[in-house]
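First up is the structure itself, then whatever we jot down about it.
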Amino acid sequence: MKIGFFGAGHMGSAMIQGFINSGEVKPTDILVKGGRSQTAANRQSEMGFRLIDQLEEMADADLLVVAVNPGAVLPILEALPANVTNKKIPLVSVAAGVNLPEMAEVLGEDYPLAHCIPNTPVQVNEGLLGISYSEQLRSADKDAIDQTLQLLGSLVEIDEHLLGIVGSVAGCGPAFVDLFIEALSDAGVLYGLNRELSYQIAEQMTKGAAELALQSKKHPGELKDGVATPGGTTIKGVVALEKHGFRNAVIEGIKGTME
Ligand SMILES: NC(=O)c1ccc[n+]([C@@H]2O[C@H](COP(=O)([O-])OP(=O)(O)OC[C@H]3O[C@@H](n4cnc5c(N)ncnc54)[C@H](OP(=O)(O)O)[C@@H]3O)[C@@H](O)[C@H]2O)c1
C-alpha cells in the first residue's frame with residue numbers, strides 16, 4: 001500500500017510515524033510533497049519516506065492525505081495533475097475548516113473524498129479520528145480509506161458539521177491532558193517524589209484510567225464512586241477540585257477552542 005502526503009508538518013509527520021509504526025506501510029511506500037521550507041526534508045532524513053518533487057509521482061499512491069494549513073488545501077487540489085485525478089485516487093483532507101463541498105467543487109462531485117480530523121496520538125497508533133465522507137463515495141473507496149486510517153487508531157464517522165467539536169475534544173484534548181499530567185506531577189514533586197518518577201506515575205495513571213473507562217464501559221461517575229471511599233481521601237480531593245471549578249474549567253477550555 002502506498003500513501004501520498006501533502007505536508008509533513010506536525011500532523012502529517014504524526015500520521016506518517018503512525019503508519020510506519022503499524023508495520024503495514026514501509027517508509028519508502030510513503031510519498032511526501034513538502035512545502036517551501038526544509039520541514040519535509042528534515043523529517044525525511046529521520047523517517048525515511050520518499051520525498052517527491054513532481055506532483056505526477058503521486059499517481060503511484062493508493063490514498064492521498066492532505067495535511068497542510070487550511071489556506072493551502074484548495075490550491076493543492078486545483079494543482080493535482082490529470083494522471084492523479086483521472087485515477088480518482090481517494091483523497092483525505094485533515095485540514096480544519098475546509099469542507100467537503102468546497103473540495104468537491106474543485107475535484108468534482110464524484111471524486112472520492114473524506115474530511116478527517118485526527119489527533120496527535122495517531123503517532124503511537126492510539127489516535128481518535130473523526131471522519132466524514134463525500135456523498136457519492138463508493139463503498140470500495142470508503143473501505144480503502146477506513147482500512148488505511150484505522151492503522152492509526154479509532155475512526156468515528158460523524159456529520160461534517162460536528163467535526164469541529166470532535167477536533168476540539170479529541171484534537172485539543174491531548175494538550176489539556178498534558179496540562180493535567182504536568183499539574184499532577186507538580187503535586188507529586190511538592191510532596192517529595194522526584195520529577196521523573198512523578199511524571200511516570202501521572203502518565204501511567206492517566207493511561208490506565210482511560211483504558212479502564214474504555215474497557216469497562218462504566219459511566220465515569222460510577223468509576224469515580226468506586227475510588228471514593230466514604231469519608232476517605234479521594235472524596236476530599238474531589239470536593240477540593242469541585243470547589244476550584246475543575247469541571248467548569250474543562251468545559252470553558254473546550255468553549256475557548258470553539259470560539
Ligand atoms: N496539529 C494538530 O494537532 C492537528 C489536528 C487536526 C487537524 N490538523 C490540521 O492539519 C493541518 C496541518 O496542521 P499542522 O499542525 O501539521 O501544521 P504545520 O505543522 O504548520 O504543517 C503544515 C505543513 O504543510 C506544509 N505545506 C504548506 N503548503 C504546502 C503545499 N502547497 N504543499 C505541500 N506542503 C505544504 C508546510 O510546509 P513548510 O513547513 O515547508 O511550509 C508545513 O510543514 C492543518 O490544516 C490543521 O487544521 C492539525
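How things are named: the first chain in the C-alpha cells is A, the next is B, and so on; residues count from 1 in each chain; ligands count from 1 in the order shown.
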Excluding Asp29 (chain A) and residues on its chain fewer than 6 positions from it, collect all residues at most 8 Å away from it, counting only C-alpha atoms, and give them as an mmCIF file with N, CA, C and O atoms, in the first residue's frame.
```cif
data_model
loop_
_atom_site.group_PDB
_atom_site.id
_atom_site.type_symbol
_atom_site.label_atom_id
_atom_site.label_comp_id
_atom_site.auth_asym_id
_atom_site.auth_seq_id
_atom_site.Cartn_x
_atom_site.Cartn_y
_atom_site.Cartn_z
ATOM 1 N N MET A 1 0.835 -1.190 0.000
ATOM 2 C CA MET A 1 0.000 0.000 0.000
ATOM 3 C C MET A 1 0.885 1.262 0.000
ATOM 4 O O MET A 1 1.834 1.347 0.768
ATOM 5 N N LYS A 2 0.548 2.203 -0.889
ATOM 6 C CA LYS A 2 1.323 3.441 -0.956
ATOM 7 C C LYS A 2 0.424 4.628 -0.564
ATOM 8 O O LYS A 2 -0.731 4.697 -0.997
ATOM 9 N N ILE A 3 0.984 5.505 0.260
ATOM 10 C CA ILE A 3 0.212 6.659 0.732
ATOM 11 C C ILE A 3 0.958 7.937 0.349
ATOM 12 O O ILE A 3 2.169 8.062 0.615
ATOM 13 N N PHE A 49 10.903 8.321 4.506
ATOM 14 C CA PHE A 49 9.893 8.272 3.439
ATOM 15 C C PHE A 49 10.482 8.819 2.142
ATOM 16 O O PHE A 49 11.614 9.290 2.109
ATOM 17 N N ARG A 50 9.673 8.734 1.052
ATOM 18 C CA ARG A 50 10.155 9.192 -0.255
ATOM 19 C C ARG A 50 9.677 10.624 -0.498
ATOM 20 O O ARG A 50 8.467 10.873 -0.525
#
```
Shell of 12 Å around Gln38 (chain A), only C-alpha atoms, local chain residues under 3 positions omitted, as a VMD selection string: chain A and resid 7 to 9 33 to 35 41 to 45 51
Can I get the selection written as a tab-separated table (two decimals), in the first residue's frame, with all heavy atoms?
```tsv
chain	number	residue	atom	x	y	z
A	7	GLY	N	2.38	17.71	2.75
A	7	GLY	CA	2.70	18.30	4.05
A	7	GLY	C	3.16	17.26	5.05
A	7	GLY	O	2.54	16.20	5.21
A	8	ALA	N	4.32	17.56	5.65
A	8	ALA	CA	4.84	16.69	6.73
A	8	ALA	C	5.17	17.57	7.93
A	8	ALA	O	6.27	17.51	8.48
A	8	ALA	CB	6.05	15.90	6.25
A	9	GLY	N	4.20	18.43	8.29
A	9	GLY	CA	4.35	19.25	9.49
A	9	GLY	C	4.00	18.42	10.71
A	9	GLY	O	4.23	17.21	10.74
A	33	LYS	N	5.06	15.28	-0.53
A	33	LYS	CA	5.36	16.55	-1.19
A	33	LYS	C	5.31	17.60	-0.10
A	33	LYS	O	4.30	17.79	0.55
A	33	LYS	CB	4.29	16.83	-2.26
A	33	LYS	CG	4.45	18.17	-2.94
A	33	LYS	CD	5.49	18.10	-4.04
A	33	LYS	CE	5.68	19.44	-4.76
A	33	LYS	NZ	6.38	20.45	-3.95
A	34	GLY	N	6.45	18.24	0.14
A	34	GLY	CA	6.55	19.22	1.21
A	34	GLY	C	6.22	20.63	0.73
A	34	GLY	O	5.91	20.85	-0.44
A	35	GLY	N	6.32	21.57	1.66
A	35	GLY	CA	6.05	22.98	1.34
A	35	GLY	C	7.33	23.69	0.93
A	35	GLY	O	8.23	23.09	0.33
A	41	ALA	N	11.99	17.85	4.27
A	41	ALA	CA	13.32	17.24	4.05
A	41	ALA	C	13.92	16.80	5.38
A	41	ALA	O	14.54	15.72	5.48
A	41	ALA	CB	14.23	18.24	3.34
A	42	ASN	N	13.73	17.63	6.42
A	42	ASN	CA	14.27	17.25	7.74
A	42	ASN	C	13.60	15.99	8.26
A	42	ASN	O	14.26	15.08	8.78
A	42	ASN	CB	14.06	18.39	8.76
A	42	ASN	CG	14.90	19.60	8.42
A	42	ASN	OD1	15.88	19.49	7.68
A	42	ASN	ND2	14.53	20.76	8.95
A	43	ARG	N	12.28	15.91	8.11
A	43	ARG	CA	11.55	14.72	8.58
A	43	ARG	C	11.94	13.49	7.74
A	43	ARG	O	11.99	12.38	8.24
A	43	ARG	CB	10.04	14.95	8.49
A	43	ARG	CG	9.56	16.14	9.31
A	43	ARG	CD	9.12	15.71	10.71
A	43	ARG	NE	9.18	16.81	11.66
A	43	ARG	CZ	8.27	17.77	11.81
A	43	ARG	NH1	7.21	17.78	11.05
A	43	ARG	NH2	8.41	18.70	12.72
A	44	GLN	N	12.21	13.73	6.45
A	44	GLN	CA	12.56	12.62	5.57
A	44	GLN	C	13.82	11.93	6.06
A	44	GLN	O	13.92	10.70	6.06
A	44	GLN	CB	12.75	13.15	4.14
A	44	GLN	CG	12.83	12.10	3.07
A	44	GLN	CD	14.26	11.75	2.67
A	44	GLN	OE1	15.17	12.50	2.97
A	44	GLN	NE2	14.42	10.64	2.01
A	45	SER	N	14.79	12.74	6.52
A	45	SER	CA	16.04	12.12	6.96
A	45	SER	C	15.84	11.31	8.24
A	45	SER	O	16.53	10.34	8.50
A	45	SER	CB	17.15	13.17	7.11
A	45	SER	OG	16.73	14.14	8.01
A	51	LEU	N	10.62	11.54	-0.59
A	51	LEU	CA	10.27	12.94	-0.83
A	51	LEU	C	10.16	13.13	-2.34
A	51	LEU	O	11.07	12.74	-3.08
A	51	LEU	CB	11.40	13.81	-0.27
A	51	LEU	CG	11.12	15.26	0.06
A	51	LEU	CD1	9.94	15.40	1.02
A	51	LEU	CD2	12.38	15.89	0.67
```
Å distance separating CA of Ile16 (chain A) from CA of Leu179 (chain A), one decimal place: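 According to the coordinates, CA of Ile16 (chain A) and CA of Leu179 (chain A) are separated by 25.6 Å.
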DSSP-assigned strand (DSSP E) members of region 13-98 of chain A, reported as a list in words: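 Filtering region 13-98 of chain A down to strand (DSSP E) leaves Ile30, Leu31, Val32, Lys33, Arg50, Leu51, Leu63, Leu64, Val65, Val66, Leu91, Val92 and Ser93 of chain A.
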Writing out the chosen residues with all heavy atoms as a short mmCIF file (atom, residue, chain, number, x, y, z; two decimals), in the first residue's frame:
```cif
data_model
loop_
_atom_site.label_atom_id
_atom_site.label_comp_id
_atom_site.auth_asym_id
_atom_site.auth_seq_id
_atom_site.Cartn_x
_atom_site.Cartn_y
_atom_site.Cartn_z
N ILE A 30 5.72 5.61 1.47
CA ILE A 30 5.06 6.87 1.80
C ILE A 30 5.72 7.97 0.96
O ILE A 30 6.94 8.19 1.06
CB ILE A 30 5.17 7.17 3.31
CG1 ILE A 30 4.43 6.06 4.08
CG2 ILE A 30 4.60 8.54 3.63
CD1 ILE A 30 4.49 6.18 5.58
N LEU A 31 4.92 8.61 0.12
CA LEU A 31 5.42 9.66 -0.77
C LEU A 31 5.02 11.00 -0.16
O LEU A 31 3.87 11.16 0.24
CB LEU A 31 4.80 9.54 -2.16
CG LEU A 31 4.58 8.13 -2.73
CD1 LEU A 31 3.88 8.23 -4.08
CD2 LEU A 31 5.91 7.43 -2.87
N VAL A 32 5.96 11.92 -0.09
CA VAL A 32 5.64 13.21 0.55
C VAL A 32 6.04 14.36 -0.36
O VAL A 32 7.16 14.42 -0.86
CB VAL A 32 6.37 13.35 1.91
CG1 VAL A 32 6.08 14.73 2.52
CG2 VAL A 32 5.95 12.26 2.87
N LYS A 33 5.06 15.28 -0.53
CA LYS A 33 5.36 16.55 -1.19
C LYS A 33 5.31 17.60 -0.10
O LYS A 33 4.30 17.79 0.55
CB LYS A 33 4.29 16.83 -2.26
CG LYS A 33 4.45 18.17 -2.94
CD LYS A 33 5.49 18.10 -4.04
CE LYS A 33 5.68 19.44 -4.76
NZ LYS A 33 6.38 20.45 -3.95
N ARG A 50 9.67 8.73 1.05
CA ARG A 50 10.15 9.19 -0.26
C ARG A 50 9.68 10.62 -0.50
O ARG A 50 8.47 10.87 -0.52
CB ARG A 50 9.57 8.27 -1.34
CG ARG A 50 10.45 8.09 -2.54
CD ARG A 50 9.83 7.02 -3.44
NE ARG A 50 9.19 7.62 -4.59
CZ ARG A 50 8.30 7.01 -5.35
NH1 ARG A 50 7.92 5.79 -5.09
NH2 ARG A 50 7.77 7.63 -6.40
N LEU A 51 10.62 11.54 -0.59
CA LEU A 51 10.27 12.94 -0.83
C LEU A 51 10.16 13.13 -2.34
O LEU A 51 11.07 12.74 -3.08
CB LEU A 51 11.40 13.81 -0.27
CG LEU A 51 11.12 15.26 0.06
CD1 LEU A 51 9.94 15.40 1.02
CD2 LEU A 51 12.38 15.89 0.67
N LEU A 63 -3.73 6.09 -1.69
CA LEU A 63 -4.51 7.05 -0.89
C LEU A 63 -3.70 8.34 -0.80
O LEU A 63 -2.47 8.29 -0.62
CB LEU A 63 -4.75 6.48 0.53
CG LEU A 63 -5.53 7.39 1.48
CD1 LEU A 63 -7.02 7.39 1.11
CD2 LEU A 63 -5.39 6.93 2.93
N LEU A 64 -4.40 9.47 -0.90
CA LEU A 64 -3.73 10.77 -0.75
C LEU A 64 -4.20 11.41 0.55
O LEU A 64 -5.39 11.37 0.87
CB LEU A 64 -4.08 11.69 -1.92
CG LEU A 64 -3.67 11.19 -3.31
CD1 LEU A 64 -4.22 12.12 -4.40
CD2 LEU A 64 -2.14 11.09 -3.41
N VAL A 65 -3.25 12.00 1.29
CA VAL A 65 -3.59 12.70 2.53
C VAL A 65 -3.09 14.13 2.42
O VAL A 65 -1.90 14.37 2.18
CB VAL A 65 -2.94 12.02 3.77
CG1 VAL A 65 -3.29 12.79 5.04
CG2 VAL A 65 -3.37 10.57 3.88
N VAL A 66 -4.02 15.08 2.58
CA VAL A 66 -3.64 16.49 2.52
C VAL A 66 -3.54 17.00 3.95
O VAL A 66 -4.54 17.10 4.66
CB VAL A 66 -4.68 17.31 1.71
CG1 VAL A 66 -4.28 18.78 1.66
CG2 VAL A 66 -4.79 16.75 0.29
N LEU A 91 -8.95 10.67 -1.64
CA LEU A 91 -8.19 11.77 -1.02
C LEU A 91 -8.83 12.15 0.32
O LEU A 91 -10.05 12.33 0.38
CB LEU A 91 -8.17 12.96 -1.98
CG LEU A 91 -7.37 14.19 -1.55
CD1 LEU A 91 -6.72 14.87 -2.77
CD2 LEU A 91 -8.24 15.20 -0.81
N VAL A 92 -8.00 12.23 1.35
CA VAL A 92 -8.46 12.60 2.69
C VAL A 92 -7.78 13.91 3.08
O VAL A 92 -6.56 14.00 3.06
CB VAL A 92 -8.04 11.53 3.73
CG1 VAL A 92 -8.49 11.92 5.12
CG2 VAL A 92 -8.59 10.16 3.35
N SER A 93 -8.60 14.91 3.41
CA SER A 93 -8.00 16.15 3.93
C SER A 93 -8.15 16.15 5.44
O SER A 93 -9.22 15.83 5.96
CB SER A 93 -8.72 17.37 3.35
OG SER A 93 -8.33 18.51 4.08
#
```
Minimum-distance residue to ligand 1, chosen among A:Gly18, A:Pro174, A:Pro220, A:Gly23 (using only C-alpha atoms and all ligand atoms):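 Ranking A:Gly18, A:Pro174, A:Pro220, A:Gly23 by distance to ligand 1, first place goes to A:Pro174.
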Report as a tab-separated table: every residue of chain A with an atom at most 6 Å from ligand 1, its closest pair of atoms, and their distance in Å to one decimal, counting only C-alpha atoms and all ligand atoms, with rows sorted by chain and ascending residue number.
```
residue	atom	partner	partner_atom_place_in_ligand_line	distance
A:Phe6	CA	ligand 1	33 (C)	4.5
A:Gly7	CA	ligand 1	34 (N)	3.6
A:Ala8	CA	ligand 1	43 (O)	5.1
A:Gly9	CA	ligand 1	21 (O)	3.3
A:His10	CA	ligand 1	16 (O)	3.6
A:Met11	CA	ligand 1	16 (O)	3.7
A:Gly12	CA	ligand 1	16 (O)	5.4
A:Lys33	CA	ligand 1	33 (C)	5.1
A:Gly34	CA	ligand 1	34 (N)	4.0
A:Gly35	CA	ligand 1	40 (O)	3.4
A:Arg36	CA	ligand 1	40 (O)	4.1
A:Ser37	CA	ligand 1	40 (O)	3.5
A:Gln38	CA	ligand 1	40 (O)	5.6
A:Thr39	CA	ligand 1	39 (O)	4.7
A:Ala67	CA	ligand 1	11 (C)	4.6
A:Val68	CA	ligand 1	24 (O)	3.5
A:Asn69	CA	ligand 1	45 (O)	3.9
A:Pro70	CA	ligand 1	45 (O)	4.3
A:Ala72	CA	ligand 1	28 (N)	5.3
A:Ile76	CA	ligand 1	31 (N)	5.8
A:Val94	CA	ligand 1	9 (C)	5.1
A:Ala95	CA	ligand 1	45 (O)	3.2
A:Ala96	CA	ligand 1	47 (O)	3.9
A:Ile117	CA	ligand 1	6 (C)	4.7
A:Pro118	CA	ligand 1	6 (C)	4.9
A:Asn119	CA	ligand 1	5 (C)	5.0
A:Thr120	CA	ligand 1	3 (O)	5.3
A:Gly171	CA	ligand 1	5 (C)	5.2
```
DSSP-assigned alpha helix (DSSP H) among region 20-248 of chain A, expressed as a VMD selection string: chain A and resid 20 to 22 39 to 47 70 to 78 82 to 85 100 to 107 139 to 149 163 to 166 173 to 190 195 to 216 220 to 227 233 to 243 246 to 248
Nearby residues (only C-alpha atoms) at most 12 Å from Ala140 (chain A), same-chain spacing under 4 positions excluded, as a PyMOL selection string: chain A and resi 89-90+112+136+144-147
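Considering the residues A:Glu252, A:Glu222, A:Asp62, A:Glu105 and counting only C-alpha atoms, Ser134 (chain A) has its shortest atom-to-atom contact with A:Glu105.
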